[in-house]
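Engineer: entry.cif is the file, holding mmCIF, C-alpha atoms and all ligand atoms:
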```cif
data_my_file
loop_
_atom_site.group_PDB
_atom_site.id
_atom_site.type_symbol
_atom_site.label_atom_id
_atom_site.label_comp_id
_atom_site.auth_asym_id
_atom_site.auth_seq_id
_atom_site.Cartn_x
_atom_site.Cartn_y
_atom_site.Cartn_z
ATOM 1 C CA MET A 1 0.000 0.000 0.000
ATOM 2 C CA LYS A 2 1.142 3.492 -0.857
ATOM 3 C CA VAL A 3 -0.244 6.537 0.917
ATOM 4 C CA ARG A 4 0.099 10.008 -0.557
ATOM 5 C CA PHE A 5 -0.841 13.110 1.443
ATOM 6 C CA CYS A 6 -2.522 15.441 -1.056
ATOM 7 C CA GLY A 7 -3.981 18.018 1.350
ATOM 8 C CA VAL A 8 -3.267 18.292 5.081
ATOM 9 C CA ARG A 9 -5.100 21.468 6.216
ATOM 10 C CA GLY A 10 -8.351 21.771 8.046
ATOM 11 C CA SER A 11 -11.126 24.348 7.681
ATOM 12 C CA THR A 12 -9.959 26.374 4.673
ATOM 13 C CA PRO A 13 -6.971 26.367 2.292
ATOM 14 C CA ALA A 14 -3.822 28.205 3.360
ATOM 15 C CA PRO A 15 -1.962 29.610 0.348
ATOM 16 C CA GLY A 16 1.158 31.757 0.791
ATOM 17 C CA ALA A 17 4.879 31.755 1.338
ATOM 18 C CA GLU A 18 4.648 30.933 5.053
ATOM 19 C CA PHE A 19 2.795 27.664 4.313
ATOM 20 C CA VAL A 20 4.804 26.157 1.449
ATOM 21 C CA ARG A 21 6.694 23.478 3.364
ATOM 22 C CA VAL A 22 3.627 21.924 5.000
ATOM 23 C CA GLY A 23 1.227 22.817 2.178
ATOM 24 C CA GLY A 24 -2.045 24.689 2.022
ATOM 25 C CA HIS A 25 -4.575 22.293 0.459
ATOM 26 C CA THR A 26 -7.433 20.920 2.564
ATOM 27 C CA SER A 27 -7.927 17.269 3.461
ATOM 28 C CA CYS A 28 -7.296 14.533 0.932
ATOM 29 C CA ILE A 29 -5.231 11.355 0.954
ATOM 30 C CA ALA A 30 -4.676 8.995 -1.972
ATOM 31 C CA LEU A 31 -4.047 5.252 -1.716
ATOM 32 C CA ALA A 32 -2.571 2.902 -4.282
ATOM 33 C CA HIS A 33 -1.493 -0.719 -4.542
ATOM 34 C CA ARG A 34 1.049 0.066 -7.234
ATOM 35 C CA ALA A 35 3.139 3.104 -8.104
ATOM 36 C CA GLU A 36 1.006 6.064 -9.183
ATOM 37 C CA ASP A 37 -2.083 3.858 -9.605
ATOM 38 C CA TRP A 38 -4.236 5.918 -7.225
ATOM 39 C CA THR A 39 -7.604 4.189 -6.928
ATOM 40 C CA LEU A 40 -8.857 5.141 -3.467
ATOM 41 C CA ALA A 41 -9.169 8.734 -2.288
ATOM 42 C CA LEU A 42 -10.045 9.705 1.281
ATOM 43 C CA ASP A 43 -11.955 12.988 1.310
ATOM 44 C CA ALA A 44 -12.185 15.537 -1.460
ATOM 45 C CA GLY A 45 -10.687 18.694 -0.012
ATOM 46 C CA THR A 46 -8.841 20.972 -2.411
ATOM 47 C CA GLY A 47 -5.861 18.566 -2.200
ATOM 48 C CA ILE A 48 -7.709 16.157 -4.482
ATOM 49 C CA ARG A 49 -6.388 18.232 -7.386
ATOM 50 C CA ARG A 50 -2.978 16.730 -6.640
ATOM 51 C CA ILE A 51 -4.317 13.295 -7.612
ATOM 52 C CA THR A 52 -4.981 14.673 -11.087
ATOM 53 C CA ASN A 53 -1.333 15.766 -11.308
ATOM 54 C CA ARG A 54 -0.155 12.349 -10.117
ATOM 55 C CA LEU A 55 -2.242 10.499 -12.736
ATOM 56 C CA GLU A 56 -0.330 12.385 -15.457
ATOM 57 C CA GLY A 57 -3.118 12.658 -17.983
ATOM 58 C CA ARG A 58 -4.956 9.440 -17.104
ATOM 59 C CA ALA A 59 -8.561 9.429 -15.934
ATOM 60 C CA PHE A 60 -9.362 8.485 -12.342
ATOM 61 C CA ALA A 61 -11.014 5.082 -12.025
ATOM 62 C CA GLY A 62 -11.715 4.332 -8.394
ATOM 63 C CA SER A 63 -13.520 5.189 -5.199
ATOM 64 C CA LEU A 64 -13.793 8.287 -3.105
ATOM 65 C CA LEU A 65 -14.610 7.878 0.593
ATOM 66 C CA LEU A 66 -15.893 10.966 2.372
ATOM 67 C CA THR A 67 -15.599 11.162 6.161
ATOM 68 C CA HIS A 68 -18.246 13.906 6.267
ATOM 69 C CA LEU A 69 -19.599 16.754 4.212
ATOM 70 C CA HIS A 70 -17.865 19.833 5.627
ATOM 71 C CA TRP A 71 -16.439 22.181 2.992
ATOM 72 C CA ASP A 72 -12.799 21.351 3.705
ATOM 73 C CA HIS A 73 -13.565 17.718 2.790
ATOM 74 C CA VAL A 74 -15.638 18.216 -0.368
ATOM 75 C CA GLN A 75 -14.724 21.519 -2.001
ATOM 76 C CA GLY A 76 -12.159 19.929 -4.288
ATOM 77 C CA LEU A 77 -14.766 17.661 -5.843
ATOM 78 C CA PRO A 78 -15.829 19.867 -8.786
ATOM 79 C CA PHE A 79 -12.174 20.694 -9.497
ATOM 80 C CA PHE A 80 -11.037 17.079 -9.679
ATOM 81 C CA SER A 81 -10.269 17.082 -13.414
ATOM 82 C CA ALA A 82 -9.093 13.449 -13.516
ATOM 83 C CA GLY A 83 -12.563 12.488 -12.316
ATOM 84 C CA ASP A 84 -14.507 15.067 -14.312
ATOM 85 C CA ARG A 85 -14.002 13.665 -17.817
ATOM 86 C CA ASP A 86 -15.913 11.291 -20.041
ATOM 87 C CA ASP A 87 -13.665 8.280 -19.455
ATOM 88 C CA ALA A 88 -13.596 8.599 -15.626
ATOM 89 C CA ARG A 89 -15.266 6.227 -13.162
ATOM 90 C CA VAL A 90 -15.845 7.618 -9.659
ATOM 91 C CA ARG A 91 -17.705 5.808 -6.866
ATOM 92 C CA VAL A 92 -18.454 8.241 -4.042
ATOM 93 C CA TYR A 93 -19.294 6.910 -0.574
ATOM 94 C CA MET A 94 -20.437 9.023 2.344
ATOM 95 C CA PRO A 95 -22.014 8.512 5.770
ATOM 96 C CA GLU A 96 -25.744 7.998 5.503
ATOM 97 C CA GLN A 97 -27.617 11.177 6.432
ATOM 98 C CA SER A 98 -31.133 11.415 7.702
ATOM 99 C CA GLY A 99 -33.413 14.287 8.586
ATOM 100 C CA PRO A 100 -35.316 15.026 11.803
ATOM 101 C CA ASP A 101 -38.116 12.760 10.544
ATOM 102 C CA GLY A 102 -35.654 9.859 10.284
ATOM 103 C CA ARG A 103 -35.963 9.752 6.491
ATOM 104 C CA THR A 104 -32.695 8.934 4.707
ATOM 105 C CA HIS A 105 -31.494 11.572 2.267
ATOM 106 C CA GLU A 106 -30.202 10.761 -1.194
ATOM 107 C CA PRO A 107 -26.406 11.200 -1.098
ATOM 108 C CA ALA A 108 -26.244 13.236 -4.319
ATOM 109 C CA ASP A 109 -28.942 15.548 -2.927
ATOM 110 C CA VAL A 110 -26.918 16.082 0.241
ATOM 111 C CA LEU A 111 -23.853 17.026 -1.814
ATOM 112 C CA ALA A 112 -25.966 19.269 -4.021
ATOM 113 C CA ARG A 113 -26.859 21.493 -1.083
ATOM 114 C CA ALA A 114 -23.329 22.910 -1.240
ATOM 115 C CA MET A 115 -22.676 22.185 -4.909
ATOM 116 C CA SER A 116 -25.434 23.525 -7.148
ATOM 117 C CA PRO A 117 -26.648 26.937 -8.346
ATOM 118 C CA PRO A 118 -26.607 29.558 -6.917
ATOM 119 C CA HIS A 119 -23.657 28.335 -4.783
ATOM 120 C CA PHE A 120 -21.846 26.686 -7.688
ATOM 121 C CA PRO A 121 -22.489 26.553 -11.461
ATOM 122 C CA ILE A 122 -23.178 22.802 -11.599
ATOM 123 C CA GLY A 123 -24.528 20.070 -9.359
ATOM 124 C CA PRO A 124 -23.043 16.592 -8.819
ATOM 125 C CA ASP A 125 -25.020 15.379 -11.855
ATOM 126 C CA GLY A 126 -23.087 17.861 -14.016
ATOM 127 C CA LEU A 127 -19.779 16.049 -13.519
ATOM 128 C CA ARG A 128 -18.634 14.201 -16.631
ATOM 129 C CA GLY A 129 -17.914 10.486 -16.647
ATOM 130 C CA ASP A 130 -19.480 7.628 -14.722
ATOM 131 C CA TRP A 131 -20.181 8.916 -11.200
ATOM 132 C CA THR A 132 -22.257 7.176 -8.541
ATOM 133 C CA PHE A 133 -23.080 8.371 -5.026
ATOM 134 C CA GLU A 134 -23.791 5.915 -2.244
ATOM 135 C CA SER A 135 -24.648 6.300 1.442
ATOM 136 C CA ILE A 136 -22.941 3.879 3.761
ATOM 137 C CA LYS A 137 -23.397 2.706 7.331
ATOM 138 C CA PRO A 138 -20.647 1.713 9.754
ATOM 139 C CA GLY A 139 -19.145 -1.663 8.927
ATOM 140 C CA SER A 140 -16.837 -3.456 6.525
ATOM 141 C CA ARG A 141 -16.691 -3.461 2.761
ATOM 142 C CA ARG A 142 -14.170 -4.105 0.053
ATOM 143 C CA LEU A 143 -13.289 -1.195 -2.210
ATOM 144 C CA GLU A 144 -10.668 -1.186 -4.943
ATOM 145 C CA ASP A 145 -9.049 -4.315 -3.441
ATOM 146 C CA PHE A 146 -8.733 -2.660 -0.042
ATOM 147 C CA ASP A 147 -10.550 -3.783 3.112
ATOM 148 C CA VAL A 148 -12.396 -0.745 4.452
ATOM 149 C CA VAL A 149 -14.042 -0.442 7.850
ATOM 150 C CA ALA A 150 -16.212 2.618 8.538
ATOM 151 C CA PHE A 151 -16.930 3.675 12.111
ATOM 152 C CA GLU A 152 -18.704 6.563 13.836
ATOM 153 C CA VAL A 153 -16.593 9.475 15.075
ATOM 154 C CA PRO A 154 -17.889 12.319 17.248
ATOM 155 C CA HIS A 155 -17.407 15.720 15.562
ATOM 156 C CA LYS A 156 -19.694 18.724 15.271
ATOM 157 C CA GLY A 157 -22.256 19.676 12.668
ATOM 158 C CA GLY A 158 -22.886 16.504 10.707
ATOM 159 C CA ARG A 159 -22.443 12.757 10.908
ATOM 160 C CA THR A 160 -18.796 11.802 10.604
ATOM 161 C CA PHE A 161 -16.989 8.528 10.001
ATOM 162 C CA GLY A 162 -13.427 7.388 10.445
ATOM 163 C CA TYR A 163 -12.004 4.689 8.196
ATOM 164 C CA ARG A 164 -9.598 1.841 8.681
ATOM 165 C CA ILE A 165 -8.054 0.635 5.444
ATOM 166 C CA SER A 166 -5.919 -2.426 4.918
ATOM 167 C CA ASP A 167 -4.452 -4.290 1.976
ATOM 168 C CA GLY A 168 -3.757 -7.387 4.078
ATOM 169 C CA HIS A 169 -0.174 -6.258 4.551
ATOM 170 C CA ALA A 170 -0.378 -2.777 6.084
ATOM 171 C CA SER A 171 -3.199 -0.821 7.659
ATOM 172 C CA ILE A 172 -3.993 2.823 8.245
ATOM 173 C CA ALA A 173 -6.718 4.616 10.154
ATOM 174 C CA TYR A 174 -7.957 7.991 8.932
ATOM 175 C CA ILE A 175 -9.733 10.268 11.423
ATOM 176 C CA PRO A 176 -9.303 13.833 10.176
ATOM 177 C CA ASP A 177 -12.024 15.470 12.302
ATOM 178 C CA HIS A 178 -12.682 14.225 15.813
ATOM 179 C CA LEU A 179 -13.898 15.662 19.088
ATOM 180 C CA PRO A 180 -12.864 12.862 21.444
ATOM 181 C CA ASP A 181 -15.164 11.939 24.300
ATOM 182 C CA ALA A 182 -14.883 9.316 27.004
ATOM 183 C CA ALA A 183 -17.933 7.388 25.779
ATOM 184 C CA SER A 184 -16.757 6.678 22.227
ATOM 185 C CA THR A 185 -12.969 6.552 22.602
ATOM 186 C CA PRO A 186 -12.734 2.856 23.621
ATOM 187 C CA ALA A 187 -14.653 1.772 20.492
ATOM 188 C CA ILE A 188 -12.585 4.031 18.235
ATOM 189 C CA ALA A 189 -9.355 2.744 19.778
ATOM 190 C CA ARG A 190 -10.516 -0.820 19.031
ATOM 191 C CA GLU A 191 -11.200 0.075 15.386
ATOM 192 C CA CYS A 192 -7.674 1.470 15.120
ATOM 193 C CA ASP A 193 -6.026 -1.376 17.012
ATOM 194 C CA GLY A 194 -2.437 -1.924 15.933
ATOM 195 C CA VAL A 195 -2.569 0.130 12.734
ATOM 196 C CA ASP A 196 0.711 0.913 11.038
ATOM 197 C CA LEU A 197 -0.317 4.534 10.635
ATOM 198 C CA LEU A 198 -2.926 6.674 12.360
ATOM 199 C CA VAL A 199 -3.763 9.901 10.533
ATOM 200 C CA HIS A 200 -5.531 12.068 13.069
ATOM 201 C CA ASP A 201 -7.040 15.489 13.682
ATOM 202 C CA SER A 202 -4.407 17.663 15.402
ATOM 203 C CA GLN A 203 -5.873 21.065 14.693
ATOM 204 C CA PHE A 204 -5.488 22.489 18.180
ATOM 205 C CA LEU A 205 -3.121 22.584 21.153
ATOM 206 C CA GLU A 206 -3.935 22.047 24.804
ATOM 207 C CA PRO A 207 -4.130 25.808 25.630
ATOM 208 C CA GLU A 208 -6.762 26.047 22.858
ATOM 209 C CA ARG A 209 -8.925 23.311 24.383
ATOM 210 C CA THR A 210 -11.988 25.555 24.710
ATOM 211 C CA VAL A 211 -11.944 26.398 20.999
ATOM 212 C CA ALA A 212 -11.234 22.764 20.070
ATOM 213 C CA ASP A 213 -14.344 21.670 21.984
ATOM 214 C CA LEU A 214 -16.409 24.465 20.472
ATOM 215 C CA TYR A 215 -15.389 23.569 16.884
ATOM 216 C CA GLY A 216 -15.514 19.807 17.390
ATOM 217 C CA HIS A 217 -11.813 19.062 17.030
ATOM 218 C CA ALA A 218 -8.939 17.279 18.740
ATOM 219 C CA THR A 219 -5.671 18.556 20.150
ATOM 220 C CA VAL A 220 -2.195 17.210 19.433
ATOM 221 C CA ASP A 221 -2.282 15.607 22.897
ATOM 222 C CA ASP A 222 -5.573 13.861 22.056
ATOM 223 C CA ALA A 223 -4.007 12.455 18.883
ATOM 224 C CA ILE A 224 -0.957 11.143 20.742
ATOM 225 C CA ASP A 225 -3.149 9.644 23.476
ATOM 226 C CA LEU A 226 -5.309 7.789 20.951
ATOM 227 C CA ALA A 227 -2.260 6.540 19.028
ATOM 228 C CA ALA A 228 -0.729 5.204 22.247
ATOM 229 C CA ARG A 229 -4.012 3.649 23.328
ATOM 230 C CA CYS A 230 -4.604 1.791 20.060
ATOM 231 C CA GLY A 231 -0.979 0.764 19.646
ATOM 232 C CA ALA A 232 -0.461 2.623 16.346
ATOM 233 C CA ARG A 233 3.094 2.338 15.102
ATOM 234 C CA ARG A 234 3.113 5.817 13.670
ATOM 235 C CA LEU A 235 0.982 8.920 14.050
ATOM 236 C CA ALA A 236 0.606 11.589 11.387
ATOM 237 C CA LEU A 237 -0.562 14.913 12.825
ATOM 238 C CA PHE A 238 -3.160 16.049 10.282
ATOM 239 C CA HIS A 239 -5.818 18.728 9.616
ATOM 240 C CA HIS A 240 -3.520 21.574 10.611
ATOM 241 C CA ALA A 241 -5.180 24.864 11.533
ATOM 242 C CA PRO A 242 -5.115 27.151 8.488
ATOM 243 C CA ALA A 243 -3.332 29.968 10.338
ATOM 244 C CA ARG A 244 -0.360 27.831 11.469
ATOM 245 C CA SER A 245 2.758 28.762 9.536
ATOM 246 C CA ASP A 246 5.499 26.268 8.653
ATOM 247 C CA ASP A 247 7.504 27.573 11.616
ATOM 248 C CA ASP A 248 4.524 27.147 13.961
ATOM 249 C CA ILE A 249 4.084 23.559 12.811
ATOM 250 C CA ASP A 250 7.810 22.814 13.139
ATOM 251 C CA ALA A 251 7.614 23.986 16.742
ATOM 252 C CA ILE A 252 4.525 21.824 17.379
ATOM 253 C CA ALA A 253 6.309 18.838 15.814
ATOM 254 C CA ARG A 254 9.353 19.186 18.066
ATOM 255 C CA GLY A 255 7.235 18.926 21.197
ATOM 256 C CA ALA A 256 4.959 16.218 19.801
ATOM 257 C CA ILE A 257 7.823 13.956 18.668
ATOM 258 C CA ASP A 258 9.258 13.890 22.203
ATOM 259 C CA GLN A 259 5.839 13.481 23.756
ATOM 260 C CA GLY A 260 5.013 10.587 21.407
ATOM 261 C CA ALA A 261 8.374 8.895 21.985
ATOM 262 C CA GLY A 262 7.614 8.861 25.707
ATOM 263 C CA LYS A 263 4.474 6.846 24.897
ATOM 264 C CA GLY A 264 6.009 4.572 22.277
ATOM 265 C CA VAL A 265 4.511 6.387 19.270
ATOM 266 C CA GLU A 266 6.525 7.666 16.341
ATOM 267 C CA VAL A 267 5.019 11.071 15.523
ATOM 268 C CA PHE A 268 5.191 12.891 12.177
ATOM 269 C CA VAL A 269 3.687 16.056 10.837
ATOM 270 C CA ALA A 270 1.636 15.366 7.697
ATOM 271 C CA ARG A 271 2.958 17.453 4.807
ATOM 272 C CA GLU A 272 1.528 17.794 1.326
ATOM 273 C CA GLU A 273 3.070 15.355 -1.192
ATOM 274 C CA TRP A 274 4.511 13.185 1.596
ATOM 275 C CA LEU A 275 4.522 9.530 0.438
ATOM 276 C CA ILE A 276 4.538 6.526 2.738
ATOM 277 C CA ASP A 277 5.241 3.279 0.926
ATOM 278 C CA PHE A 278 4.382 0.174 2.928
ATOM 279 C CA GLY A 279 5.359 -2.102 0.059
ATOM 280 C CA THR A 280 3.049 -4.563 -1.667
ATOM 281 C CA SER A 281 0.855 -7.247 -0.175
ATOM 282 C CA GLY A 282 1.923 -9.752 -2.818
HETATM 283 ZN ZN ZN B 1 -12.305 19.279 8.509
HETATM 284 ZN ZN ZN B 2 -15.408 18.756 9.894
#
```
Can the structure in the file be given as structure tokens, please?
Ligand SMILES: [Zn+2]
Ligand SMILES: [Zn+2]
Structural biologist:
Amino acid sequence: MKVRFCGVRGSTPAPGAEFVRVGGHTSCIALAHRAEDWTLALDAGTGIRRITNRLEGRAFAGSLLLTHLHWDHVQGLPFFSAGDRDDARVRVYMPEQSGPDGRTHEPADVLARAMSPPHFPIGPDGLRGDWTFESIKPGSRRLEDFDVVAFEVPHKGGRTFGYRISDGHASIAYIPDHLPDAASTPAIARECDGVDLLVHDSQFLEPERTVADLYGHATVDDAIDLAARCGARRLALFHHAPARSDDDIDAIARGAIDQGAGKGVEVFVAREEWLIDFGTSG
């Protein structure tokens, strides 16, 4: 399995000279079994445009798993050129959404609330190629020759899933947005048990705890605690606050690396274009 970080910011993109080393695109990760054969995308933040670059002129043929529908996880969708062409095949999966009456909403309709006129020139049905939109519940499924487990994650303002993905050789857990609470943490730690890599919400720091709670996010300490609890080999600090400069994030990394080492976790800062190659399952 190969894991490519295509966008590592939370909330809103962060362009500018002070963000170039970490990168400014919002959340998106690409997975492949073989070099540059990116068939599974996690979230469709603005970083999804990097998958188009990586495919070097080829159309995307694969699946796109959304953790939730917040802007920083879907706004790249209409700009995903490798998926928006006649020869593309894109299977979109998102957490099932229901209204106050308990009725389940059509996934394309949910997306269309943010992506349709007058907010945007086209709706999801205006994307070229073979697109399908499917609501999913927590549980296991096989997508693009990966084993995928979806599980509930507390966040704010919309149902949110985390995903565990394995190719039978290596496994990662992806939890970009997470407001940890005592009730759900044991179950989430079980879902992430022994993963090779945990990619986790690290938007805030302990002194910002009040804001983290208000916005539905985790702190760096929360991420390290979860990684230690589930026995993750490595932790990627992810979903960086848009105002954090490269220097700010370097400073956060220095403290977090030591803190993680004390708990047996190897901590990294997720940076755009970072590639982790776990090798092949065969
Ligand atoms: Zn987010
Ligand atoms: Zn969110």
Engineer: Find the distance between CA of Pro186 in chain A and CA of Cys28 in chain A and write it in Å to one decimal.
Structural biologist: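 Between these atoms lies a distance of 26.1 Å.
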Engineer: For a cut-off of 7 Å around (-8.8, 17.7, -3.9), file coordinates, pick out all residues using all atoms listed in the file and list them as an MDAnalysis selection string.
Structural biologist: chainID A and resid 28 44:50 76:77 80
Engineer: Could you name the residues that touch Ser98 in chain A at 12 Å or less, counting all atoms listed in the file, but leaving out those on the same chain fewer than 6 positions away, as number ranges by chain?
Structural biologist: A: 104-107, 109-110, 135-137, 158-159
Engineer: Run through the PyMOL selection byres (((not hetatm)) within 6 of (chain B and resi 1)) on the given coordinates and return the selected residues as an MDAnalysis selection string.
Structural biologist: chainID A and resid 10:11 72 177
Engineer: To check your reading of the model: which residues sit at most 12 Å from ligand ZN 2 (chain B) when counting only C-alpha atoms and all ligand atoms? Write the answer as a ChimeraX atom specification.
Structural biologist: /A:9-12,26-27,43,45,66-74,153-162,175-179,201,203,212,215-218,239
Engineer: Show which residues sit within 10 Å of range 249-252 of chain A, as a ChimeraX atom specification. Count all atoms listed in the file, and ignore same-chain residues fewer than 5 positions away.
Structural biologist: /A:19,21-22,205,220,237,240-241,244,257,269-270
Engineer: Could you pull the residues within 6 Å of Gly24 in chain A, counting only C-alpha atoms, minus those fewer than 3 positions along the same chain, as a ChimeraX atom specification?
Structural biologist: /A:13-15
Engineer: Produce a file of the selected residues containing C-alpha atoms, as a tab-separated table (two decimals), in the coordinates of the input.
Structural biologist:
```
chain	number	residue	atom	x	y	z
A	13	PRO	CA	-6.97	26.37	2.29
A	14	ALA	CA	-3.82	28.20	3.36
A	15	PRO	CA	-1.96	29.61	0.35
```
Engineer: Selected by the PyMOL selection byres (((chain A and resi 265) around 10) and not hetatm) in the shown coordinates: which residues, as a list in words?
Structural biologist: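 So the PyMOL selection byres (((chain A and resi 265) around 10) and not hetatm), applied here, picks out Ile224, Asp225, Ala227, Ala228, Arg229, Gly231, Ala232, Arg233, Arg234, Leu235, Ala256, Ile257, Asp258, Gln259, Gly260, Ala261, Gly262, Lys263, Gly264, Glu266, Val267 and Phe268 of chain A.
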Engineer: With range 116-128 of chain A as the partner and 7 Å as the cut-off, tabulate the residues of range 23-96 of chain A that qualify, each row holding the nearest pair of atoms and their distance in Å to one decimal, using only C-alpha atoms, sorted by chain and rising number, as JSON lines.
Structural biologist:
```
{"residue": "A:Asp84", "atom": "CA", "partner": "A:Arg128", "partner_atom": "CA", "distance": 4.8}
{"residue": "A:Arg85", "atom": "CA", "partner": "A:Arg128", "partner_atom": "CA", "distance": 4.8}
{"residue": "A:Asp86", "atom": "CA", "partner": "A:Arg128", "partner_atom": "CA", "distance": 5.2}
```
Engineer: Please determine, counting all atoms listed in the file, which residue among A:Asp246, A:Cys230, A:Ala170, A:Ser202 has the shortest atom-to-atom distance to Ala189 in chain A.
Structural biologist: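 Closest to Ala189 in chain A, using all atoms listed in the file: A:Cys230.
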Engineer: Can you turn the PyMOL selection byres (((chain A and resi 55) around 12) and not hetatm) into a concrete residue list for this file, as a PyMOL selection string?
Structural biologist: chain A and resi 30+32+35-39+48-54+56-61+80-83+88
Engineer: I need the residue nearest Ala223 in chain A from this list: A:Ser166, A:Ser171, A:Ser63, A:Thr185. Use all atoms listed in the file for the distance.
Structural biologist: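 So, comparing all the options, the nearest one is A:Thr185.
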Engineer: Find the distance between CA of Pro78 in chain A and CA of Asp130 in chain A and write it in Å to one decimal.
Structural biologist: 14.1 Å
Engineer: Counting all atoms listed in the file, which of A:Tyr163, A:Asp87, A:Leu197, A:Asp221 gets nearest to Lys2 in chain A?
Structural biologist: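 Of A:Tyr163, A:Asp87, A:Leu197, A:Asp221, the one nearest Lys2 in chain A, counting all atoms listed in the file, is A:Leu197.
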Engineer: Take CA of Cys192 in chain A and CA of Gln75 in chain A and report the distance between them in Å, one decimal.
Structural biologist: 27.3 Å
